Amino acid sequence: MGNAQHSIVCVDDEQNILQALKRLLRKEPYRVFTASSGPEALKILEENEVQVIITDQRMPEMSGTELLAEVRKKYPDTIRIVLSGYTEVDTITESINKGHVYKFFLKPWDDPSLKLEIRQALEQYDLIQANRSLNEKVLEQNEALKKMNEDLEDLVQERTKELQIQNHVLELSRAMLEDMPVPIIGISADGMIVVTNLKAQSIAPNGQPIALGREMAEYFSEGLQQCVARVLETGNAEAVDESFAEGRTHRVVATPLSGRFRGRGVVLTVTDGMGHENNMKDAGGMP
């Protein structure tokens with residue numbers, strides 16, 4: 001399985017060997033470089049990306065073992081193959097130990113076997129590169145995930161702090177509402193009583209203490225119900241007189257919710273009958 005971008009360097013001080021290797025690989029889809037010495041081969045590797053180097057062992061200037069040791073140091077991914085006409089065990093051992101040789105072939109070589117080994121060497125090179133790329137991608141993804149987790153933790157802490165502040169504000173708001181010196185009653189758009197404060201518990205329309213979740217119609221007159229309906233529709237505050245327990249008449253100011261809660265509810269503020277005009281002025285409604 002060849003790749004047009006694969007490059008191979010053949011190194012031997014005998015030109016006939018180099019020519020034989022070029023003939024062997026001429027139909028393969030590789031770029032084939034030849035060098036007659038170790039230094040010449042290193043220059044080729046310096047200027048080109050090379051996947052496989054095939055070198056003779058016994059050469060002047062630099063032996064194949066010395067060349068592959070240098071290649072391993074500078075280009076560790078390049079697959080290293082030795083061709084030698086010498087069968088000494090020491091030479092083979094030295095090549096393996098110093099150059100970390102992928103394969104060791106004896107001259108004369110078997111053409112099909114050598115071509116197959118080169119093809120397998122290139123497949124191994126590609127596999128190593130693919131694994132490295134995958135590992136780098138996994139590391140990048142892990143770093144990105146780590147960063148996302150850190151950002152999420154920061155966001156959670158920030159949101160938690162915001163919620164704590166909001167809860168504190170809500171608690172204070174609820175406490176302030178409870179301690180307001182006048183009865184306050186919240187009515188939803190469908191006429192349900194959803195909020196009361198302590199003062200609101202002190203009034204008992206029709207002799208019944210006001211309870212959350214009950215309909216306002218159970219406690220208040222038709223006139224006040226119509227007032228609430230108008231306030232919900234117009235968005236303008238109104239005030240009406242309403243009789244509660246013991247026949248006392250109170251001024252009830254109906255104020256609509258505003259902003260995103262507009263049309264969803266009304267706040268009833270119950271005052272004494274005294275100060276009628278001031279209450280109306282504050283409510284912005286009509287007497």
# chains A, B, ... in the order shown; residues from 1 in each chain; ligands from 1
>>> residues_around(residues="region 99-104 of chain A", least_positions_apart="4", cutoff="6 Å", atoms="only C-alpha atoms", output="ChimeraX atom specification")
/A:65,68-69,80-82,95
>>> select_by_dssp(residues="region 42-206 of chain A", states="alpha helix (DSSP H)", output="PDB file with N, CA and C atoms, in the first residue's frame")
ATOM      1  N   LEU A  42      22.591  12.047   5.232  1.00  0.00           N
ATOM      2  CA  LEU A  42      22.102  12.966   6.262  1.00  0.00           C
ATOM      3  C   LEU A  42      21.664  14.295   5.666  1.00  0.00           C
ATOM      4  N   LYS A  43      22.375  14.741   4.617  1.00  0.00           N
ATOM      5  CA  LYS A  43      21.990  15.987   3.953  1.00  0.00           C
ATOM      6  C   LYS A  43      20.632  15.835   3.276  1.00  0.00           C
ATOM      7  N   ILE A  44      20.378  14.653   2.681  1.00  0.00           N
ATOM      8  CA  ILE A  44      19.082  14.404   2.044  1.00  0.00           C
ATOM      9  C   ILE A  44      17.978  14.431   3.098  1.00  0.00           C
ATOM     10  N   LEU A  45      18.231  13.810   4.238  1.00  0.00           N
ATOM     11  CA  LEU A  45      17.222  13.794   5.307  1.00  0.00           C
ATOM     12  C   LEU A  45      16.993  15.187   5.868  1.00  0.00           C
ATOM     13  N   GLU A  46      18.023  16.001   5.847  1.00  0.00           N
ATOM     14  CA  GLU A  46      17.898  17.372   6.339  1.00  0.00           C
ATOM     15  C   GLU A  46      16.982  18.195   5.441  1.00  0.00           C
ATOM     16  N   GLU A  47      16.975  17.895   4.157  1.00  0.00           N
ATOM     17  CA  GLU A  47      16.222  18.692   3.187  1.00  0.00           C
ATOM     18  C   GLU A  47      14.880  18.072   2.797  1.00  0.00           C
ATOM     19  N   GLY A  64      27.176   2.008   8.334  1.00  0.00           N
ATOM     20  CA  GLY A  64      25.724   2.021   8.383  1.00  0.00           C
ATOM     21  C   GLY A  64      25.207   2.147   9.806  1.00  0.00           C
ATOM     22  N   THR A  65      25.858   1.486  10.742  1.00  0.00           N
ATOM     23  CA  THR A  65      25.459   1.573  12.152  1.00  0.00           C
ATOM     24  C   THR A  65      25.584   2.998  12.662  1.00  0.00           C
ATOM     25  N   GLU A  66      26.692   3.651  12.353  1.00  0.00           N
ATOM     26  CA  GLU A  66      26.880   5.040  12.796  1.00  0.00           C
ATOM     27  C   GLU A  66      25.856   5.969  12.150  1.00  0.00           C
ATOM     28  N   LEU A  67      25.580   5.734  10.865  1.00  0.00           N
ATOM     29  CA  LEU A  67      24.589   6.559  10.163  1.00  0.00           C
ATOM     30  C   LEU A  67      23.219   6.409  10.810  1.00  0.00           C
ATOM     31  N   LEU A  68      22.800   5.168  11.060  1.00  0.00           N
ATOM     32  CA  LEU A  68      21.462   4.957  11.617  1.00  0.00           C
ATOM     33  C   LEU A  68      21.352   5.460  13.056  1.00  0.00           C
ATOM     34  N   ALA A  69      22.476   5.419  13.785  1.00  0.00           N
ATOM     35  CA  ALA A  69      22.451   5.986  15.137  1.00  0.00           C
ATOM     36  C   ALA A  69      22.200   7.491  15.075  1.00  0.00           C
ATOM     37  N   GLU A  70      22.817   8.144  14.077  1.00  0.00           N
ATOM     38  CA  GLU A  70      22.606   9.585  13.894  1.00  0.00           C
ATOM     39  C   GLU A  70      21.178   9.865  13.421  1.00  0.00           C
ATOM     40  N   VAL A  71      20.684   9.016  12.514  1.00  0.00           N
ATOM     41  CA  VAL A  71      19.310   9.177  12.027  1.00  0.00           C
ATOM     42  C   VAL A  71      18.319   9.009  13.170  1.00  0.00           C
ATOM     43  N   ARG A  72      18.577   8.024  13.987  1.00  0.00           N
ATOM     44  CA  ARG A  72      17.663   7.786  15.128  1.00  0.00           C
ATOM     45  C   ARG A  72      17.623   9.011  16.045  1.00  0.00           C
ATOM     46  N   LYS A  73      18.781   9.646  16.232  1.00  0.00           N
ATOM     47  CA  LYS A  73      18.852  10.805  17.122  1.00  0.00           C
ATOM     48  C   LYS A  73      18.137  12.011  16.514  1.00  0.00           C
ATOM     49  N   LYS A  74      18.322  12.253  15.226  1.00  0.00           N
ATOM     50  CA  LYS A  74      17.764  13.448  14.592  1.00  0.00           C
ATOM     51  C   LYS A  74      16.358  13.222  14.024  1.00  0.00           C
ATOM     52  N   VAL A  89      27.827 -11.865  13.657  1.00  0.00           N
ATOM     53  CA  VAL A  89      26.813 -11.602  14.684  1.00  0.00           C
ATOM     54  C   VAL A  89      27.061 -10.253  15.332  1.00  0.00           C
ATOM     55  N   ASP A  90      28.317  -9.902  15.532  1.00  0.00           N
ATOM     56  CA  ASP A  90      28.638  -8.628  16.184  1.00  0.00           C
ATOM     57  C   ASP A  90      28.111  -7.448  15.370  1.00  0.00           C
ATOM     58  N   THR A  91      28.234  -7.533  14.063  1.00  0.00           N
ATOM     59  CA  THR A  91      27.757  -6.447  13.196  1.00  0.00           C
ATOM     60  C   THR A  91      26.241  -6.297  13.303  1.00  0.00           C
ATOM     61  N   ILE A  92      25.539  -7.412  13.269  1.00  0.00           N
ATOM     62  CA  ILE A  92      24.088  -7.381  13.370  1.00  0.00           C
ATOM     63  C   ILE A  92      23.665  -6.824  14.726  1.00  0.00           C
ATOM     64  N   THR A  93      24.325  -7.296  15.792  1.00  0.00           N
ATOM     65  CA  THR A  93      23.997  -6.839  17.153  1.00  0.00           C
ATOM     66  C   THR A  93      24.254  -5.353  17.309  1.00  0.00           C
ATOM     67  N   GLU A  94      25.382  -4.910  16.762  1.00  0.00           N
ATOM     68  CA  GLU A  94      25.721  -3.484  16.851  1.00  0.00           C
ATOM     69  C   GLU A  94      24.688  -2.639  16.112  1.00  0.00           C
ATOM     70  N   SER A  95      24.261  -3.097  14.949  1.00  0.00           N
ATOM     71  CA  SER A  95      23.262  -2.358  14.168  1.00  0.00           C
ATOM     72  C   SER A  95      21.947  -2.238  14.939  1.00  0.00           C
ATOM     73  N   ILE A  96      21.565  -3.332  15.567  1.00  0.00           N
ATOM     74  CA  ILE A  96      20.303  -3.321  16.313  1.00  0.00           C
ATOM     75  C   ILE A  96      20.405  -2.433  17.548  1.00  0.00           C
ATOM     76  N   ASN A  97      21.505  -2.552  18.284  1.00  0.00           N
ATOM     77  CA  ASN A  97      21.654  -1.800  19.540  1.00  0.00           C
ATOM     78  C   ASN A  97      21.844  -0.313  19.328  1.00  0.00           C
ATOM     79  N   LYS A  98      22.683   0.056  18.375  1.00  0.00           N
ATOM     80  CA  LYS A  98      23.000   1.473  18.184  1.00  0.00           C
ATOM     81  C   LYS A  98      21.984   2.190  17.294  1.00  0.00           C
ATOM     82  N   GLY A  99      21.494   1.481  16.304  1.00  0.00           N
ATOM     83  CA  GLY A  99      20.612   2.154  15.348  1.00  0.00           C
ATOM     84  C   GLY A  99      19.158   1.811  15.500  1.00  0.00           C
ATOM     85  N   ASP A 111      14.171  -9.929  -3.866  1.00  0.00           N
ATOM     86  CA  ASP A 111      13.409  -8.738  -4.283  1.00  0.00           C
ATOM     87  C   ASP A 111      11.987  -8.684  -3.701  1.00  0.00           C
ATOM     88  N   PRO A 112      11.177  -9.729  -3.877  1.00  0.00           N
ATOM     89  CA  PRO A 112       9.807  -9.639  -3.330  1.00  0.00           C
ATOM     90  C   PRO A 112       9.792  -9.419  -1.816  1.00  0.00           C
ATOM     91  N   SER A 113      10.702 -10.094  -1.130  1.00  0.00           N
ATOM     92  CA  SER A 113      10.744  -9.941   0.334  1.00  0.00           C
ATOM     93  C   SER A 113      11.120  -8.521   0.722  1.00  0.00           C
ATOM     94  N   LEU A 114      12.096  -7.944   0.049  1.00  0.00           N
ATOM     95  CA  LEU A 114      12.524  -6.587   0.382  1.00  0.00           C
ATOM     96  C   LEU A 114      11.414  -5.585   0.079  1.00  0.00           C
ATOM     97  N   LYS A 115      10.750  -5.736  -1.081  1.00  0.00           N
ATOM     98  CA  LYS A 115       9.647  -4.829  -1.414  1.00  0.00           C
ATOM     99  C   LYS A 115       8.526  -4.930  -0.380  1.00  0.00           C
ATOM    100  N   LEU A 116       8.228  -6.161   0.041  1.00  0.00           N
ATOM    101  CA  LEU A 116       7.179  -6.350   1.048  1.00  0.00           C
ATOM    102  C   LEU A 116       7.566  -5.704   2.369  1.00  0.00           C
ATOM    103  N   GLU A 117       8.834  -5.865   2.770  1.00  0.00           N
ATOM    104  CA  GLU A 117       9.278  -5.282   4.038  1.00  0.00           C
ATOM    105  C   GLU A 117       9.237  -3.752   3.989  1.00  0.00           C
ATOM    106  N   ILE A 118       9.589  -3.189   2.834  1.00  0.00           N
ATOM    107  CA  ILE A 118       9.525  -1.727   2.693  1.00  0.00           C
ATOM    108  C   ILE A 118       8.083  -1.259   2.797  1.00  0.00           C
ATOM    109  N   ARG A 119       7.177  -1.976   2.131  1.00  0.00           N
ATOM    110  CA  ARG A 119       5.764  -1.613   2.185  1.00  0.00           C
ATOM    111  C   ARG A 119       5.238  -1.695   3.622  1.00  0.00           C
ATOM    112  N   GLN A 120       5.613  -2.749   4.340  1.00  0.00           N
ATOM    113  CA  GLN A 120       5.177  -2.903   5.729  1.00  0.00           C
ATOM    114  C   GLN A 120       5.807  -1.850   6.632  1.00  0.00           C
ATOM    115  N   ALA A 121       7.048  -1.481   6.325  1.00  0.00           N
ATOM    116  CA  ALA A 121       7.707  -0.437   7.106  1.00  0.00           C
ATOM    117  C   ALA A 121       6.967   0.888   6.960  1.00  0.00           C
ATOM    118  N   LEU A 122       6.544   1.193   5.730  1.00  0.00           N
ATOM    119  CA  LEU A 122       5.797   2.427   5.489  1.00  0.00           C
ATOM    120  C   LEU A 122       4.433   2.393   6.178  1.00  0.00           C
ATOM    121  N   GLU A 123       3.798   1.220   6.171  1.00  0.00           N
ATOM    122  CA  GLU A 123       2.519   1.091   6.875  1.00  0.00           C
ATOM    123  C   GLU A 123       2.704   1.321   8.373  1.00  0.00           C
ATOM    124  N   GLN A 124       3.808   0.788   8.909  1.00  0.00           N
ATOM    125  CA  GLN A 124       4.086   1.010  10.332  1.00  0.00           C
ATOM    126  C   GLN A 124       4.338   2.485  10.607  1.00  0.00           C
ATOM    127  N   TYR A 125       5.080   3.129   9.701  1.00  0.00           N
ATOM    128  CA  TYR A 125       5.342   4.571   9.861  1.00  0.00           C
ATOM    129  C   TYR A 125       4.020   5.345   9.898  1.00  0.00           C
ATOM    130  N   ASP A 126       3.139   5.042   8.940  1.00  0.00           N
ATOM    131  CA  ASP A 126       1.846   5.738   8.880  1.00  0.00           C
ATOM    132  C   ASP A 126       1.015   5.473  10.133  1.00  0.00           C
ATOM    133  N   LEU A 127       1.076   4.231  10.624  1.00  0.00           N
ATOM    134  CA  LEU A 127       0.318   3.881  11.826  1.00  0.00           C
ATOM    135  C   LEU A 127       0.832   4.658  13.032  1.00  0.00           C
ATOM    136  N   ILE A 128       2.157   4.750  13.148  1.00  0.00           N
ATOM    137  CA  ILE A 128       2.750   5.509  14.262  1.00  0.00           C
ATOM    138  C   ILE A 128       2.325   6.967  14.195  1.00  0.00           C
ATOM    139  N   GLN A 129       2.357   7.539  12.977  1.00  0.00           N
ATOM    140  CA  GLN A 129       1.965   8.941  12.820  1.00  0.00           C
ATOM    141  C   GLN A 129       0.481   9.147  13.152  1.00  0.00           C
ATOM    142  N   ALA A 130      -0.346   8.191  12.703  1.00  0.00           N
ATOM    143  CA  ALA A 130      -1.786   8.300  12.981  1.00  0.00           C
ATOM    144  C   ALA A 130      -2.047   8.210  14.481  1.00  0.00           C
ATOM    145  N   ASN A 131      -1.340   7.285  15.161  1.00  0.00           N
ATOM    146  CA  ASN A 131      -1.503   7.156  16.610  1.00  0.00           C
ATOM    147  C   ASN A 131      -1.047   8.420  17.329  1.00  0.00           C
ATOM    148  N   ARG A 132       0.058   8.973  16.860  1.00  0.00           N
ATOM    149  CA  ARG A 132       0.565  10.198  17.483  1.00  0.00           C
ATOM    150  C   ARG A 132      -0.429  11.342  17.286  1.00  0.00           C
ATOM    151  N   SER A 133      -0.956  11.450  16.063  1.00  0.00           N
ATOM    152  CA  SER A 133      -1.941  12.500  15.791  1.00  0.00           C
ATOM    153  C   SER A 133      -3.176  12.321  16.666  1.00  0.00           C
ATOM    154  N   LEU A 134      -3.598  11.044  16.817  1.00  0.00           N
ATOM    155  CA  LEU A 134      -4.763  10.761  17.650  1.00  0.00           C
ATOM    156  C   LEU A 134      -4.484  11.112  19.104  1.00  0.00           C
ATOM    157  N   ASN A 135      -3.286  10.754  19.578  1.00  0.00           N
ATOM    158  CA  ASN A 135      -2.924  11.073  20.959  1.00  0.00           C
ATOM    159  C   ASN A 135      -2.877  12.576  21.192  1.00  0.00           C
ATOM    160  N   GLU A 136      -2.317  13.298  20.207  1.00  0.00           N
ATOM    161  CA  GLU A 136      -2.269  14.760  20.329  1.00  0.00           C
ATOM    162  C   GLU A 136      -3.670  15.344  20.356  1.00  0.00           C
ATOM    163  N   LYS A 137      -4.552  14.775  19.518  1.00  0.00           N
ATOM    164  CA  LYS A 137      -5.934  15.262  19.488  1.00  0.00           C
ATOM    165  C   LYS A 137      -6.632  14.980  20.818  1.00  0.00           C
ATOM    166  N   VAL A 138      -6.367  13.780  21.368  1.00  0.00           N
ATOM    167  CA  VAL A 138      -6.958  13.435  22.669  1.00  0.00           C
ATOM    168  C   VAL A 138      -6.450  14.383  23.744  1.00  0.00           C
ATOM    169  N   LEU A 139      -5.143  14.684  23.706  1.00  0.00           N
ATOM    170  CA  LEU A 139      -4.574  15.612  24.684  1.00  0.00           C
ATOM    171  C   LEU A 139      -5.196  16.994  24.544  1.00  0.00           C
ATOM    172  N   GLU A 140      -5.355  17.437  23.296  1.00  0.00           N
ATOM    173  CA  GLU A 140      -5.983  18.742  23.048  1.00  0.00           C
ATOM    174  C   GLU A 140      -7.417  18.756  23.566  1.00  0.00           C
ATOM    175  N   GLN A 141      -8.139  17.667  23.284  1.00  0.00           N
ATOM    176  CA  GLN A 141      -9.522  17.586  23.743  1.00  0.00           C
ATOM    177  C   GLN A 141      -9.599  17.532  25.266  1.00  0.00           C
ATOM    178  N   ASN A 142      -8.629  16.819  25.874  1.00  0.00           N
ATOM    179  CA  ASN A 142      -8.592  16.770  27.332  1.00  0.00           C
ATOM    180  C   ASN A 142      -8.329  18.144  27.921  1.00  0.00           C
ATOM    181  N   GLU A 143      -7.405  18.880  27.282  1.00  0.00           N
ATOM    182  CA  GLU A 143      -7.116  20.237  27.755  1.00  0.00           C
ATOM    183  C   GLU A 143      -8.345  21.130  27.599  1.00  0.00           C
ATOM    184  N   ALA A 144      -9.013  20.975  26.431  1.00  0.00           N
ATOM    185  CA  ALA A 144     -10.224  21.771  26.197  1.00  0.00           C
ATOM    186  C   ALA A 144     -11.302  21.414  27.216  1.00  0.00           C
ATOM    187  N   LEU A 145     -11.432  20.107  27.505  1.00  0.00           N
ATOM    188  CA  LEU A 145     -12.418  19.663  28.490  1.00  0.00           C
ATOM    189  C   LEU A 145     -12.071  20.183  29.884  1.00  0.00           C
ATOM    190  N   LYS A 146     -10.775  20.150  30.194  1.00  0.00           N
ATOM    191  CA  LYS A 146     -10.323  20.674  31.489  1.00  0.00           C
ATOM    192  C   LYS A 146     -10.653  22.152  31.607  1.00  0.00           C
ATOM    193  N   LYS A 147     -10.394  22.893  30.506  1.00  0.00           N
ATOM    194  CA  LYS A 147     -10.689  24.329  30.507  1.00  0.00           C
ATOM    195  C   LYS A 147     -12.199  24.558  30.651  1.00  0.00           C
ATOM    196  N   MET A 148     -13.002  23.737  29.952  1.00  0.00           N
ATOM    197  CA  MET A 148     -14.453  23.863  30.051  1.00  0.00           C
ATOM    198  C   MET A 148     -14.919  23.592  31.481  1.00  0.00           C
ATOM    199  N   ASN A 149     -14.325  22.573  32.108  1.00  0.00           N
ATOM    200  CA  ASN A 149     -14.696  22.251  33.482  1.00  0.00           C
ATOM    201  C   ASN A 149     -14.328  23.383  34.431  1.00  0.00           C
ATOM    202  N   GLU A 150     -13.131  23.967  34.203  1.00  0.00           N
ATOM    203  CA  GLU A 150     -12.710  25.084  35.045  1.00  0.00           C
ATOM    204  C   GLU A 150     -13.648  26.274  34.859  1.00  0.00           C
ATOM    205  N   ASP A 151     -13.982  26.543  33.589  1.00  0.00           N
ATOM    206  CA  ASP A 151     -14.915  27.649  33.312  1.00  0.00           C
ATOM    207  C   ASP A 151     -16.275  27.364  33.928  1.00  0.00           C
ATOM    208  N   LEU A 152     -16.703  26.083  33.849  1.00  0.00           N
ATOM    209  CA  LEU A 152     -17.993  25.723  34.413  1.00  0.00           C
ATOM    210  C   LEU A 152     -17.989  25.895  35.929  1.00  0.00           C
ATOM    211  N   GLU A 153     -16.870  25.495  36.566  1.00  0.00           N
ATOM    212  CA  GLU A 153     -16.760  25.659  38.012  1.00  0.00           C
ATOM    213  C   GLU A 153     -16.833  27.136  38.387  1.00  0.00           C
ATOM    214  N   ASP A 154     -16.115  27.960  37.608  1.00  0.00           N
ATOM    215  CA  ASP A 154     -16.164  29.409  37.869  1.00  0.00           C
ATOM    216  C   ASP A 154     -17.580  29.934  37.698  1.00  0.00           C
ATOM    217  N   LEU A 155     -18.245  29.459  36.623  1.00  0.00           N
ATOM    218  CA  LEU A 155     -19.615  29.910  36.361  1.00  0.00           C
ATOM    219  C   LEU A 155     -20.557  29.470  37.481  1.00  0.00           C
ATOM    220  N   VAL A 156     -20.377  28.212  37.938  1.00  0.00           N
ATOM    221  CA  VAL A 156     -21.226  27.702  39.017  1.00  0.00           C
ATOM    222  C   VAL A 156     -21.009  28.521  40.288  1.00  0.00           C
ATOM    223  N   GLN A 157     -19.730  28.819  40.575  1.00  0.00           N
ATOM    224  CA  GLN A 157     -19.444  29.626  41.757  1.00  0.00           C
ATOM    225  C   GLN A 157     -20.063  31.015  41.632  1.00  0.00           C
ATOM    226  N   GLU A 158     -19.942  31.583  40.416  1.00  0.00           N
ATOM    227  CA  GLU A 158     -20.510  32.915  40.198  1.00  0.00           C
ATOM    228  C   GLU A 158     -22.035  32.885  40.332  1.00  0.00           C
ATOM    229  N   ARG A 159     -22.662  31.863  39.719  1.00  0.00           N
ATOM    230  CA  ARG A 159     -24.112  31.749  39.800  1.00  0.00           C
ATOM    231  C   ARG A 159     -24.561  31.459  41.239  1.00  0.00           C
ATOM    232  N   THR A 160     -23.770  30.636  41.931  1.00  0.00           N
ATOM    233  CA  THR A 160     -24.095  30.333  43.328  1.00  0.00           C
ATOM    234  C   THR A 160     -24.059  31.600  44.169  1.00  0.00           C
ATOM    235  N   LYS A 161     -23.039  32.420  43.916  1.00  0.00           N
ATOM    236  CA  LYS A 161     -22.944  33.680  44.645  1.00  0.00           C
ATOM    237  C   LYS A 161     -24.131  34.582  44.323  1.00  0.00           C
ATOM    238  N   GLU A 162     -24.493  34.632  43.018  1.00  0.00           N
ATOM    239  CA  GLU A 162     -25.644  35.444  42.613  1.00  0.00           C
ATOM    240  C   GLU A 162     -26.923  34.945  43.279  1.00  0.00           C
ATOM    241  N   LEU A 163     -27.077  33.608  43.316  1.00  0.00           N
ATOM    242  CA  LEU A 163     -28.272  33.040  43.942  1.00  0.00           C
ATOM    243  C   LEU A 163     -28.309  33.330  45.435  1.00  0.00           C
ATOM    244  N   GLN A 164     -27.126  33.271  46.069  1.00  0.00           N
ATOM    245  CA  GLN A 164     -27.068  33.582  47.496  1.00  0.00           C
ATOM    246  C   GLN A 164     -27.494  35.030  47.746  1.00  0.00           C
ATOM    247  N   ILE A 165     -27.014  35.930  46.879  1.00  0.00           N
ATOM    248  CA  ILE A 165     -27.398  37.344  47.011  1.00  0.00           C
ATOM    249  C   ILE A 165     -28.901  37.502  46.778  1.00  0.00           C
ATOM    250  N   GLN A 166     -29.394  36.838  45.703  1.00  0.00           N
ATOM    251  CA  GLN A 166     -30.819  36.934  45.402  1.00  0.00           C
ATOM    252  C   GLN A 166     -31.669  36.357  46.532  1.00  0.00           C
ATOM    253  N   ASN A 167     -31.229  35.219  47.092  1.00  0.00           N
ATOM    254  CA  ASN A 167     -31.967  34.628  48.208  1.00  0.00           C
ATOM    255  C   ASN A 167     -31.968  35.556  49.417  1.00  0.00           C
ATOM    256  N   HIS A 168     -30.804  36.185  49.644  1.00  0.00           N
ATOM    257  CA  HIS A 168     -30.709  37.131  50.758  1.00  0.00           C
ATOM    258  C   HIS A 168     -31.663  38.308  50.538  1.00  0.00           C
ATOM    259  N   VAL A 169     -31.663  38.822  49.295  1.00  0.00           N
ATOM    260  CA  VAL A 169     -32.565  39.930  48.961  1.00  0.00           C
ATOM    261  C   VAL A 169     -34.023  39.506  49.136  1.00  0.00           C
ATOM    262  N   LEU A 170     -34.345  38.276  48.655  1.00  0.00           N
ATOM    263  CA  LEU A 170     -35.713  37.789  48.781  1.00  0.00           C
ATOM    264  C   LEU A 170     -36.114  37.633  50.250  1.00  0.00           C
ATOM    265  N   GLU A 171     -35.186  37.129  51.047  1.00  0.00           N
ATOM    266  CA  GLU A 171     -35.481  36.971  52.476  1.00  0.00           C
ATOM    267  C   GLU A 171     -35.742  38.320  53.128  1.00  0.00           C
ATOM    268  N   LEU A 172     -34.886  39.296  52.805  1.00  0.00           N
ATOM    269  CA  LEU A 172     -35.078  40.637  53.363  1.00  0.00           C
ATOM    270  C   LEU A 172     -36.375  41.256  52.852  1.00  0.00           C
ATOM    271  N   SER A 173     -36.625  41.067  51.547  1.00  0.00           N
ATOM    272  CA  SER A 173     -37.859  41.617  50.974  1.00  0.00           C
ATOM    273  C   SER A 173     -39.079  41.000  51.647  1.00  0.00           C
ATOM    274  N   ARG A 174     -39.025  39.680  51.856  1.00  0.00           N
ATOM    275  CA  ARG A 174     -40.144  38.997  52.510  1.00  0.00           C
ATOM    276  C   ARG A 174     -40.318  39.509  53.948  1.00  0.00           C
ATOM    277  N   ALA A 175     -39.175  39.688  54.653  1.00  0.00           N
ATOM    278  CA  ALA A 175     -39.235  40.187  56.029  1.00  0.00           C
ATOM    279  C   ALA A 175     -39.815  41.600  56.064  1.00  0.00           C
ATOM    280  N   MET A 176     -39.381  42.434  55.106  1.00  0.00           N
ATOM    281  CA  MET A 176     -39.897  43.811  55.055  1.00  0.00           C
ATOM    282  C   MET A 176     -41.392  43.809  54.751  1.00  0.00           C
ATOM    283  N   LEU A 177     -41.794  42.927  53.812  1.00  0.00           N
ATOM    284  CA  LEU A 177     -43.214  42.833  53.468  1.00  0.00           C
ATOM    285  C   LEU A 177     -44.038  42.407  54.690  1.00  0.00           C
ATOM    286  N   GLU A 178     -43.502  41.408  55.413  1.00  0.00           N
ATOM    287  CA  GLU A 178     -44.216  40.924  56.588  1.00  0.00           C
ATOM    288  C   GLU A 178     -44.410  42.033  57.623  1.00  0.00           C
ATOM    289  N   LEU A 198     -48.265  40.036  57.584  1.00  0.00           N
ATOM    290  CA  LEU A 198     -48.836  39.843  58.913  1.00  0.00           C
ATOM    291  C   LEU A 198     -50.056  40.719  59.155  1.00  0.00           C
ATOM    292  N   LYS A 199     -49.966  41.977  58.723  1.00  0.00           N
ATOM    293  CA  LYS A 199     -51.085  42.898  58.926  1.00  0.00           C
ATOM    294  C   LYS A 199     -52.339  42.431  58.203  1.00  0.00           C
ATOM    295  N   ALA A 200     -52.123  41.770  57.022  1.00  0.00           N
ATOM    296  CA  ALA A 200     -53.279  41.293  56.264  1.00  0.00           C
ATOM    297  C   ALA A 200     -54.023  40.208  57.021  1.00  0.00           C
ATOM    298  N   GLN A 201     -53.316  39.496  57.908  1.00  0.00           N
ATOM    299  CA  GLN A 201     -53.975  38.462  58.686  1.00  0.00           C
ATOM    300  C   GLN A 201     -54.887  39.042  59.770  1.00  0.00           C
TER     301      GLN A 201
END
>>> closest_residue(among="A:Pro256, A:Gly265, A:Gly223, A:Pro76", to="Met192 (chain A)", atoms="only C-alpha atoms")
A:Gly265
>>> closest_atom_pairs(of="region 209-279 of chain A", to="region 180-191 of chain A", cutoff="7 Å", atoms="only C-alpha atoms", output="Markdown table")
| residue | atom | partner | partner_atom | distance |
| --- | --- | --- | --- | --- |
| A:Glu215 | CA | A:Gly191 | CA | 5.8 |
| A:Met216 | CA | A:Gly191 | CA | 5.8 |
| A:Gly263 | CA | A:Ala189 | CA | 6.8 |
| A:Arg264 | CA | A:Ala189 | CA | 4.9 |
| A:Gly265 | CA | A:Ser188 | CA | 4.2 |
| A:Val266 | CA | A:Ile187 | CA | 5.2 |
| A:Val267 | CA | A:Gly186 | CA | 4.6 |
| A:Leu268 | CA | A:Ile185 | CA | 5.0 |
| A:Thr269 | CA | A:Ile184 | CA | 4.8 |
| A:Val270 | CA | A:Pro183 | CA | 5.3 |
| A:Thr271 | CA | A:Val182 | CA | 6.4 |
>>> closest_residue(among="A:Ala41, A:Ile17, A:Ile210, A:Ile53", to="Gly85 (chain A)", atoms="only C-alpha atoms")
A:Ile17
>>> residues_around(residues="Val228 (chain A)", least_positions_apart="3", cutoff="8 Å", atoms="only C-alpha atoms", output="VMD selection string")
chain A and resid 224 to 225 231 to 232 254 266
>>> select_by_dssp(residues="region 154-271 of chain A", states="strand (DSSP E)", output="PyMOL selection string")
chain A and resi 184-188+193-196+238-243+249-256+265-271
>>> decode(residues="region 176-181 of chain A", atoms="N, CA and C atoms", output="short mmCIF file (atom, residue, chain, number, x, y, z; two decimals), in the first residue's frame")
data_model
loop_
_atom_site.label_atom_id
_atom_site.label_comp_id
_atom_site.auth_asym_id
_atom_site.auth_seq_id
_atom_site.Cartn_x
_atom_site.Cartn_y
_atom_site.Cartn_z
N MET A 176 -39.38 42.43 55.11
CA MET A 176 -39.90 43.81 55.06
C MET A 176 -41.39 43.81 54.75
N LEU A 177 -41.79 42.93 53.81
CA LEU A 177 -43.21 42.83 53.47
C LEU A 177 -44.04 42.41 54.69
N GLU A 178 -43.50 41.41 55.41
CA GLU A 178 -44.22 40.92 56.59
C GLU A 178 -44.41 42.03 57.62
N ASP A 179 -43.41 42.90 57.76
CA ASP A 179 -43.45 43.92 58.81
C ASP A 179 -44.03 45.26 58.35
N MET A 180 -44.52 45.30 57.11
CA MET A 180 -45.14 46.55 56.65
C MET A 180 -46.30 46.90 57.59
N PRO A 181 -46.47 48.21 57.92
CA PRO A 181 -47.49 48.61 58.90
C PRO A 181 -48.92 48.60 58.35
#
